[in-house]
file target-v6.txt (compact mmCIF, C-alpha atoms and all ligand atoms)
# COMPACT_ATOMS: atom_id res chain seq x y z
CA MET A 470 26.17 26.98 25.69
CA LEU A 471 24.85 23.82 24.00
CA THR A 472 21.70 23.99 21.87
CA PHE A 473 19.57 20.88 21.87
CA PHE A 474 17.03 20.22 19.11
CA HIS A 475 14.26 18.13 20.59
CA SER A 476 10.81 16.76 19.85
CA PRO A 477 9.01 15.77 23.08
CA GLY A 478 7.95 12.11 23.03
CA SER A 479 10.46 11.16 20.34
CA CYS A 480 13.82 9.39 20.63
CA SER A 481 15.38 12.73 21.56
CA ASN A 482 13.86 12.15 25.03
CA GLY A 483 16.87 9.88 25.65
CA ILE A 484 19.31 12.70 24.91
CA LEU A 485 17.28 15.11 27.06
CA LEU A 486 17.71 12.66 29.94
CA LEU A 487 21.47 12.41 29.33
CA LEU A 488 21.85 16.20 29.17
CA HIS A 489 20.31 16.37 32.64
CA GLU A 490 22.47 13.46 33.84
CA THR A 491 25.61 15.42 32.84
CA GLY A 492 24.47 18.71 34.39
CA ALA A 493 25.36 20.44 31.08
CA ASP A 494 24.21 24.00 30.46
CA PHE A 495 21.91 23.86 27.44
CA ASP A 496 19.09 25.61 25.62
CA THR A 497 16.31 23.54 24.07
CA ARG A 498 14.74 24.32 20.69
CA ILE A 499 11.55 22.38 20.02
CA VAL A 500 11.40 20.71 16.59
CA ASP A 501 8.02 18.98 16.70
CA VAL A 502 8.32 16.05 14.30
CA VAL A 503 4.58 15.31 14.39
CA ARG A 504 3.88 18.87 13.22
CA GLY A 505 6.63 18.58 10.58
CA ASP A 506 9.02 21.23 12.01
CA GLN A 507 11.97 19.03 10.96
CA ARG A 508 11.23 19.86 7.31
CA SER A 509 11.32 23.63 7.80
CA HIS A 510 14.03 25.55 5.93
CA ALA A 511 15.25 26.98 9.22
CA TYR A 512 15.84 23.52 10.73
CA LEU A 513 17.24 21.95 7.56
CA ALA A 514 19.77 24.78 7.45
CA GLN A 515 20.97 23.60 10.89
CA ASN A 516 20.59 19.86 10.29
CA PRO A 517 20.12 18.78 6.66
CA LYS A 518 19.13 15.27 7.85
CA GLY A 519 15.85 16.72 9.14
CA LYS A 520 15.84 14.51 12.24
CA VAL A 521 16.07 14.89 15.97
CA PRO A 522 18.02 14.62 18.18
CA ALA A 523 20.71 17.12 17.21
CA LEU A 524 23.10 18.98 19.48
CA LYS A 525 24.86 22.18 18.51
CA ILE A 526 28.07 22.29 20.48
CA ASP A 527 29.43 25.55 19.07
CA ASP A 528 28.63 27.97 16.25
CA GLU A 529 30.12 25.69 13.62
CA THR A 530 29.46 22.24 15.03
CA ILE A 531 26.24 20.28 15.11
CA LEU A 532 26.22 16.65 16.14
CA THR A 533 23.53 14.23 14.99
CA GLU A 534 22.70 10.53 15.55
CA PHE A 535 21.73 9.32 19.00
CA GLN A 536 24.80 7.18 19.60
CA ALA A 537 27.25 9.91 18.57
CA ILE A 538 25.59 12.54 20.75
CA ALA A 539 25.45 10.14 23.70
CA TYR A 540 29.14 9.29 23.24
CA TRP A 541 30.09 12.96 23.04
CA LEU A 542 28.13 13.84 26.21
CA ALA A 543 29.64 10.97 28.19
CA ASN A 544 33.16 12.02 27.22
CA ALA A 545 32.64 15.78 27.45
CA TYR A 546 31.26 15.40 31.01
CA PRO A 547 33.35 12.62 32.53
CA ASP A 548 32.28 13.45 36.08
CA ALA A 549 28.79 12.16 35.27
CA GLY A 550 30.29 8.66 35.12
CA LEU A 551 28.43 7.69 31.96
CA TRP A 552 31.37 6.09 30.13
CA PRO A 553 32.48 2.87 31.77
CA ASP A 554 36.07 1.79 32.31
CA GLY A 555 37.51 -0.96 30.18
CA LEU A 556 37.42 -1.86 26.52
CA LEU A 557 34.81 -4.59 26.80
CA ALA A 558 32.39 -2.51 28.92
CA ARG A 559 32.69 0.35 26.42
CA SER A 560 32.14 -1.97 23.50
CA ARG A 561 29.09 -3.48 25.24
CA THR A 562 27.67 0.03 25.69
CA LEU A 563 28.04 0.76 21.98
CA GLU A 564 26.63 -2.66 21.12
CA ALA A 565 23.52 -2.10 23.26
CA LEU A 566 23.01 1.44 21.96
CA ASP A 567 23.23 0.30 18.38
CA PHE A 568 20.81 -2.54 18.98
CA ILE A 569 18.23 -0.30 20.64
CA VAL A 570 18.45 2.59 18.18
CA GLY A 571 19.37 0.75 14.98
CA SER A 572 17.20 -2.33 15.41
CA VAL A 573 14.44 -1.94 18.01
CA HIS A 574 13.69 1.66 17.05
CA MET A 575 14.56 1.90 13.36
CA ARG A 576 13.61 -1.64 12.23
CA GLY A 577 10.75 -2.14 14.70
CA PHE A 578 9.01 0.95 16.06
CA THR A 579 9.40 2.93 12.84
CA PHE A 580 7.09 0.42 11.12
CA VAL A 581 4.70 0.26 14.08
CA LYS A 582 4.38 4.02 14.43
CA VAL A 583 4.67 5.40 10.90
CA PRO A 584 3.91 2.63 8.34
CA GLN A 585 2.38 5.33 6.09
CA LYS A 586 5.91 6.58 5.39
CA PHE A 587 6.57 3.40 3.42
CA LEU A 588 3.23 2.14 2.08
CA SER A 589 -0.11 3.77 1.37
CA ASP A 590 -2.55 0.85 1.04
CA ALA A 591 -4.32 -0.33 4.19
CA ALA A 592 -3.33 -4.01 3.85
CA GLY A 593 0.33 -3.14 3.24
CA LYS A 594 0.40 -0.78 6.21
CA SER A 595 -1.08 -3.34 8.57
CA ALA A 596 1.35 -6.04 7.36
CA LEU A 597 4.24 -3.64 7.95
CA GLN A 598 2.95 -2.78 11.41
CA ALA A 599 2.64 -6.49 12.23
CA HIS A 600 6.24 -7.01 11.08
CA GLY A 601 7.35 -4.05 13.23
CA ARG A 602 5.55 -5.49 16.27
CA THR A 603 7.29 -8.84 15.80
CA GLU A 604 10.67 -7.11 15.61
CA VAL A 605 9.93 -5.02 18.73
CA GLY A 606 8.79 -8.14 20.60
CA LYS A 607 12.03 -9.93 19.68
CA GLY A 608 14.01 -6.84 20.68
CA LEU A 609 12.35 -6.66 24.10
CA SER A 610 13.14 -10.34 24.75
CA ILE A 611 16.78 -9.83 23.82
CA LEU A 612 17.02 -6.72 26.02
CA SER A 613 15.39 -8.56 28.90
CA GLU A 614 17.90 -11.39 28.53
CA MET A 615 20.76 -8.87 28.29
CA MET A 616 19.70 -7.16 31.53
CA GLY A 617 19.06 -10.31 33.53
CA GLU A 618 18.91 -9.47 37.22
CA ARG A 619 20.77 -6.17 37.01
CA ASP A 620 19.14 -2.84 37.95
CA TYR A 621 20.03 -1.25 34.61
CA LEU A 622 20.78 -2.78 31.24
CA LEU A 623 24.51 -3.27 31.73
CA GLY A 624 24.86 -2.76 35.49
CA ASP A 625 25.12 0.86 36.61
CA PHE A 626 23.06 3.51 34.81
CA GLY A 627 24.68 4.38 31.47
CA LEU A 628 24.15 5.62 27.94
CA ALA A 629 22.23 2.53 26.83
CA ASP A 630 19.63 3.07 29.56
CA ALA A 631 18.72 6.44 28.09
CA ALA A 632 17.91 4.72 24.80
CA LEU A 633 16.19 1.87 26.64
CA PHE A 634 13.98 4.44 28.40
CA TYR A 635 12.46 5.86 25.24
CA VAL A 636 11.80 2.45 23.64
CA LEU A 637 10.19 1.19 26.87
CA ASP A 638 7.94 4.27 26.89
CA TRP A 639 6.96 3.55 23.30
CA ALA A 640 6.40 -0.13 24.04
CA LYS A 641 3.96 0.76 26.81
CA GLN A 642 2.19 3.31 24.61
CA GLU A 643 1.81 0.69 21.87
CA GLY A 644 0.34 -1.90 24.24
CA PHE A 645 3.30 -4.29 24.60
CA THR A 646 3.57 -6.22 27.84
CA LEU A 647 7.05 -5.62 29.20
CA PRO A 648 9.11 -8.47 30.66
CA GLU A 649 9.24 -8.07 34.44
CA ASN A 650 12.86 -6.93 34.66
CA LEU A 651 12.40 -4.28 31.94
CA SER A 652 9.23 -3.04 33.60
CA ALA A 653 11.09 -2.68 36.93
CA CYS A 654 13.92 -0.87 35.14
CA HIS A 655 11.40 1.48 33.52
CA GLN A 656 10.07 2.37 36.97
CA ARG A 657 13.62 2.86 38.24
CA LEU A 658 14.41 5.19 35.34
CA ARG A 659 11.33 7.26 36.15
CA GLN A 660 12.69 7.81 39.67
CA ARG A 661 15.94 9.40 38.47
CA PRO A 662 16.37 13.13 39.17
CA SER A 663 17.25 13.57 35.47
CA PHE A 664 13.77 12.30 34.53
CA ARG A 665 12.11 14.69 36.95
CA LYS A 666 14.04 17.53 35.31
CA SER A 667 13.03 16.27 31.85
CA LYS A 668 9.33 15.92 32.60
CA THR A 669 8.06 19.21 31.19
CA LEU A 670 9.61 18.39 27.79
CA TRP A 671 8.93 14.62 27.80
CA MET A 672 5.52 14.44 26.13
CA ARG A 673 3.98 16.50 23.35
N1 LIG B 701 19.35 7.55 13.30
C1 LIG B 701 18.77 8.70 13.96
C2 LIG B 701 17.29 8.50 14.04
C3 LIG B 701 16.59 9.71 14.47
C4 LIG B 701 15.10 9.64 14.18
O1 LIG B 701 14.60 8.73 13.49
N2 LIG B 701 14.39 10.61 14.73
C5 LIG B 701 12.99 10.73 14.48
C6 LIG B 701 12.25 11.04 15.79
S1 LIG B 701 12.26 9.62 16.88
C7 LIG B 701 12.76 11.91 13.55
O2 LIG B 701 13.46 12.89 13.61
N3 LIG B 701 11.77 11.78 12.68
C8 LIG B 701 11.40 12.80 11.77
C9 LIG B 701 11.36 12.34 10.35
O3 LIG B 701 11.83 11.21 10.06
O4 LIG B 701 10.88 13.10 9.53
C10 LIG B 701 19.39 8.86 15.33
O5 LIG B 701 19.96 7.88 15.82
O6 LIG B 701 19.37 9.93 15.91
call {"tool": "encode", "arguments": {"input": "target-v6.txt", "output": "structure tokens"}}
result
Amino acid sequence: MLTFFHSPGSCSNGILLLLHETGADFDTRIVDVVRGDQRSHAYLAQNPKGKVPALKIDDETILTEFQAIAYWLANAYPDAGLWPDGLLARSRTLEALDFIVGSVHMRGFTFVKVPQKFLSDAAGKSALQAHGRTEVGKGLSILSEMMGERDYLLGDFGLADAALFYVLDWAKQEGFTLPENLSACHQRLRQRPSFRKSKTLWMR
């Protein structure tokens, strides 16, 4: 059975959603990153990066990094239809995932949510937060443009939508106004059976 290391409310929500999309059999271990569980010896022994998400796929193998876990799930459970056909569609999926996780999350929300990780003085922290908000705003505009009139980011529901879901949640929590198409997509994502199954482990 798979073991999923998860912190409710964090980016690992996206992997929780995908696990339910695949119908995989998995156990969840809570690693609460607000409480600091990721720095415990027990967790670092499993995942020296001290981050969630992580997915243990057998006794010797632990996968980390959102994109890699998402890719593995889509290919390990092909019946879930999460990996599109065709080279360009696959490349677009990876492109969107990298943009959401690598740019909107890491270069935007990280500074909005935890500026104290980088700077300790009040003026520096608020400048960093302002920079993060600008980056998130730009990211949301690009994602809105990318989605256009489709129901999900790239057409049918796919890996990138799981990442989109957690950044849209964060955007709402941080008081961003979502472009109309992203807001409709957020509602659509909340209607998915996989979200209903994720609900008890979605928020702290
Ligand atoms: N590049 C990683 C980023 C993961 C990440 O930043 N996770 C955050 C939660 S959203 C975390 O574990 N933070 C704990 C910490 O940095 O101490 C990925 O794609 O999975």
call {"tool": "residues_around", "arguments": {"input": "target-v6.txt", "residues": "segment 517-519 of chain A", "least_positions_apart": "6", "cutoff": "10 Å", "atoms": "all atoms listed in the file", "output": "list in words"}}
result
Val500, Val502, Gly505, Asp506, Gln507, Arg508, Ser509, His510, Ala511, Thr533 and Glu534 of chain A
call {"tool": "residues_near_ligand", "arguments": {"input": "target-v6.txt", "ligand": "ligand LIG 701 (chain B)", "cutoff": "9 Å", "atoms": "only C-alpha atoms and all ligand atoms", "output": "mmCIF file with C-alpha atoms, in the frame of the given file"}}
result
data_model
loop_
_atom_site.group_PDB
_atom_site.id
_atom_site.type_symbol
_atom_site.label_atom_id
_atom_site.label_comp_id
_atom_site.auth_asym_id
_atom_site.auth_seq_id
_atom_site.Cartn_x
_atom_site.Cartn_y
_atom_site.Cartn_z
ATOM 1 C CA HIS A 475 14.260 18.130 20.590
ATOM 2 C CA SER A 476 10.810 16.760 19.850
ATOM 3 C CA GLY A 478 7.950 12.110 23.030
ATOM 4 C CA SER A 479 10.460 11.160 20.340
ATOM 5 C CA CYS A 480 13.820 9.390 20.630
ATOM 6 C CA SER A 481 15.380 12.730 21.560
ATOM 7 C CA ASN A 482 13.860 12.150 25.030
ATOM 8 C CA VAL A 500 11.400 20.710 16.590
ATOM 9 C CA ASP A 501 8.020 18.980 16.700
ATOM 10 C CA VAL A 502 8.320 16.050 14.300
ATOM 11 C CA VAL A 503 4.580 15.310 14.390
ATOM 12 C CA GLY A 505 6.630 18.580 10.580
ATOM 13 C CA ASP A 506 9.020 21.230 12.010
ATOM 14 C CA GLN A 507 11.970 19.030 10.960
ATOM 15 C CA ARG A 508 11.230 19.860 7.310
ATOM 16 C CA LYS A 518 19.130 15.270 7.850
ATOM 17 C CA GLY A 519 15.850 16.720 9.140
ATOM 18 C CA LYS A 520 15.840 14.510 12.240
ATOM 19 C CA VAL A 521 16.070 14.890 15.970
ATOM 20 C CA PRO A 522 18.020 14.620 18.180
ATOM 21 C CA ALA A 523 20.710 17.120 17.210
ATOM 22 C CA THR A 533 23.530 14.230 14.990
ATOM 23 C CA GLU A 534 22.700 10.530 15.550
ATOM 24 C CA PHE A 535 21.730 9.320 19.000
ATOM 25 C CA GLN A 536 24.800 7.180 19.600
ATOM 26 C CA ALA A 537 27.250 9.910 18.570
ATOM 27 C CA ILE A 538 25.590 12.540 20.750
ATOM 28 C CA ASP A 567 23.230 0.300 18.380
ATOM 29 C CA VAL A 570 18.450 2.590 18.180
ATOM 30 C CA GLY A 571 19.370 0.750 14.980
ATOM 31 C CA HIS A 574 13.690 1.660 17.050
ATOM 32 C CA MET A 575 14.560 1.900 13.360
ATOM 33 C CA THR A 579 9.400 2.930 12.840
ATOM 34 C CA LYS A 586 5.910 6.580 5.390
#
call {"tool": "closest_residue", "arguments": {"input": "target-v6.txt", "among": "A:Tyr621, A:Trp541, A:Phe568, A:Tyr512", "to": "Leu651 of chain A", "atoms": "only C-alpha atoms"}}
result
A:Tyr621
call {"tool": "atom_distance", "arguments": {"input": "target-v6.txt", "atom1": "atom CA of Phe473 of chain A", "atom2": "atom CA of Asp527 of chain A"}}
result
11.3 Å
call {"tool": "atom_distance", "arguments": {"input": "target-v6.txt", "atom1": "atom CA of Ser560 of chain A", "atom2": "atom CA of Ile484 of chain A"}}
result
19.5 Å
call {"tool": "closest_residue", "arguments": {"input": "target-v6.txt", "among": "A:Leu532, A:Leu623, A:Tyr635, A:Lys525", "to": "Leu557 of chain A", "atoms": "all atoms listed in the file"}}
result
A:Leu623
call {"tool": "residues_around", "arguments": {"input": "target-v6.txt", "residues": "Gly624 of chain A", "least_positions_apart": "2", "cutoff": "12 Å", "atoms": "all atoms listed in the file", "output": "ChimeraX atom specification"}}
result
/A:551,553,558,561-562,615-622,626-630,654
call {"tool": "atom_distance", "arguments": {"input": "target-v6.txt", "atom1": "atom CA of Ala545 of chain A", "atom2": "atom CA of Leu637 of chain A"}}
result
26.8 Å
call {"tool": "build_atoms", "arguments": {"input": "target-v6.txt", "residues": "segment 580-593 of chain A", "atoms": "N, CA, C and O atoms", "output": "PDB file, keeping the file's coordinate frame"}}
result
ATOM      1  N   PHE A 580       8.175   1.036  11.901  1.00  0.00           N
ATOM      2  CA  PHE A 580       7.090   0.420  11.120  1.00  0.00           C
ATOM      3  C   PHE A 580       5.782   0.387  11.919  1.00  0.00           C
ATOM      4  O   PHE A 580       4.699   0.429  11.348  1.00  0.00           O
ATOM      5  N   VAL A 581       5.898   0.273  13.237  1.00  0.00           N
ATOM      6  CA  VAL A 581       4.700   0.260  14.080  1.00  0.00           C
ATOM      7  C   VAL A 581       4.053   1.645  14.084  1.00  0.00           C
ATOM      8  O   VAL A 581       2.839   1.795  13.965  1.00  0.00           O
ATOM      9  N   LYS A 582       4.904   2.668  14.208  1.00  0.00           N
ATOM     10  CA  LYS A 582       4.380   4.020  14.430  1.00  0.00           C
ATOM     11  C   LYS A 582       4.074   4.775  13.143  1.00  0.00           C
ATOM     12  O   LYS A 582       3.123   5.535  13.108  1.00  0.00           O
ATOM     13  N   VAL A 583       4.897   4.599  12.116  1.00  0.00           N
ATOM     14  CA  VAL A 583       4.670   5.400  10.900  1.00  0.00           C
ATOM     15  C   VAL A 583       4.724   4.532   9.616  1.00  0.00           C
ATOM     16  O   VAL A 583       5.490   4.830   8.698  1.00  0.00           O
ATOM     17  N   PRO A 584       3.875   3.482   9.535  1.00  0.00           N
ATOM     18  CA  PRO A 584       3.910   2.630   8.340  1.00  0.00           C
ATOM     19  C   PRO A 584       3.565   3.430   7.074  1.00  0.00           C
ATOM     20  O   PRO A 584       4.010   3.093   5.973  1.00  0.00           O
ATOM     21  N   GLN A 585       2.792   4.516   7.247  1.00  0.00           N
ATOM     22  CA  GLN A 585       2.380   5.330   6.090  1.00  0.00           C
ATOM     23  C   GLN A 585       3.555   6.005   5.386  1.00  0.00           C
ATOM     24  O   GLN A 585       3.433   6.469   4.257  1.00  0.00           O
ATOM     25  N   LYS A 586       4.722   6.022   6.052  1.00  0.00           N
ATOM     26  CA  LYS A 586       5.910   6.580   5.390  1.00  0.00           C
ATOM     27  C   LYS A 586       6.386   5.675   4.266  1.00  0.00           C
ATOM     28  O   LYS A 586       7.142   6.088   3.400  1.00  0.00           O
ATOM     29  N   PHE A 587       6.029   4.393   4.350  1.00  0.00           N
ATOM     30  CA  PHE A 587       6.570   3.400   3.420  1.00  0.00           C
ATOM     31  C   PHE A 587       5.530   2.870   2.445  1.00  0.00           C
ATOM     32  O   PHE A 587       5.851   2.530   1.318  1.00  0.00           O
ATOM     33  N   LEU A 588       4.276   2.729   2.919  1.00  0.00           N
ATOM     34  CA  LEU A 588       3.230   2.140   2.080  1.00  0.00           C
ATOM     35  C   LEU A 588       1.937   2.925   2.270  1.00  0.00           C
ATOM     36  O   LEU A 588       1.684   3.446   3.368  1.00  0.00           O
ATOM     37  N   SER A 589       1.123   2.986   1.215  1.00  0.00           N
ATOM     38  CA  SER A 589      -0.110   3.770   1.370  1.00  0.00           C
ATOM     39  C   SER A 589      -1.364   2.903   1.464  1.00  0.00           C
ATOM     40  O   SER A 589      -2.377   3.337   1.983  1.00  0.00           O
ATOM     41  N   ASP A 590      -1.314   1.661   0.977  1.00  0.00           N
ATOM     42  CA  ASP A 590      -2.550   0.850   1.040  1.00  0.00           C
ATOM     43  C   ASP A 590      -2.721   0.224   2.418  1.00  0.00           C
ATOM     44  O   ASP A 590      -1.741  -0.128   3.091  1.00  0.00           O
ATOM     45  N   ALA A 591      -3.996   0.092   2.824  1.00  0.00           N
ATOM     46  CA  ALA A 591      -4.320  -0.330   4.190  1.00  0.00           C
ATOM     47  C   ALA A 591      -3.725  -1.706   4.516  1.00  0.00           C
ATOM     48  O   ALA A 591      -3.154  -1.909   5.596  1.00  0.00           O
ATOM     49  N   ALA A 592      -3.814  -2.652   3.563  1.00  0.00           N
ATOM     50  CA  ALA A 592      -3.330  -4.010   3.850  1.00  0.00           C
ATOM     51  C   ALA A 592      -1.804  -3.995   4.020  1.00  0.00           C
ATOM     52  O   ALA A 592      -1.253  -4.632   4.922  1.00  0.00           O
ATOM     53  N   GLY A 593      -1.131  -3.241   3.146  1.00  0.00           N
ATOM     54  CA  GLY A 593       0.330  -3.140   3.240  1.00  0.00           C
ATOM     55  C   GLY A 593       0.752  -2.518   4.556  1.00  0.00           C
ATOM     56  O   GLY A 593       1.681  -3.008   5.220  1.00  0.00           O
TER      57      GLY A 593
END
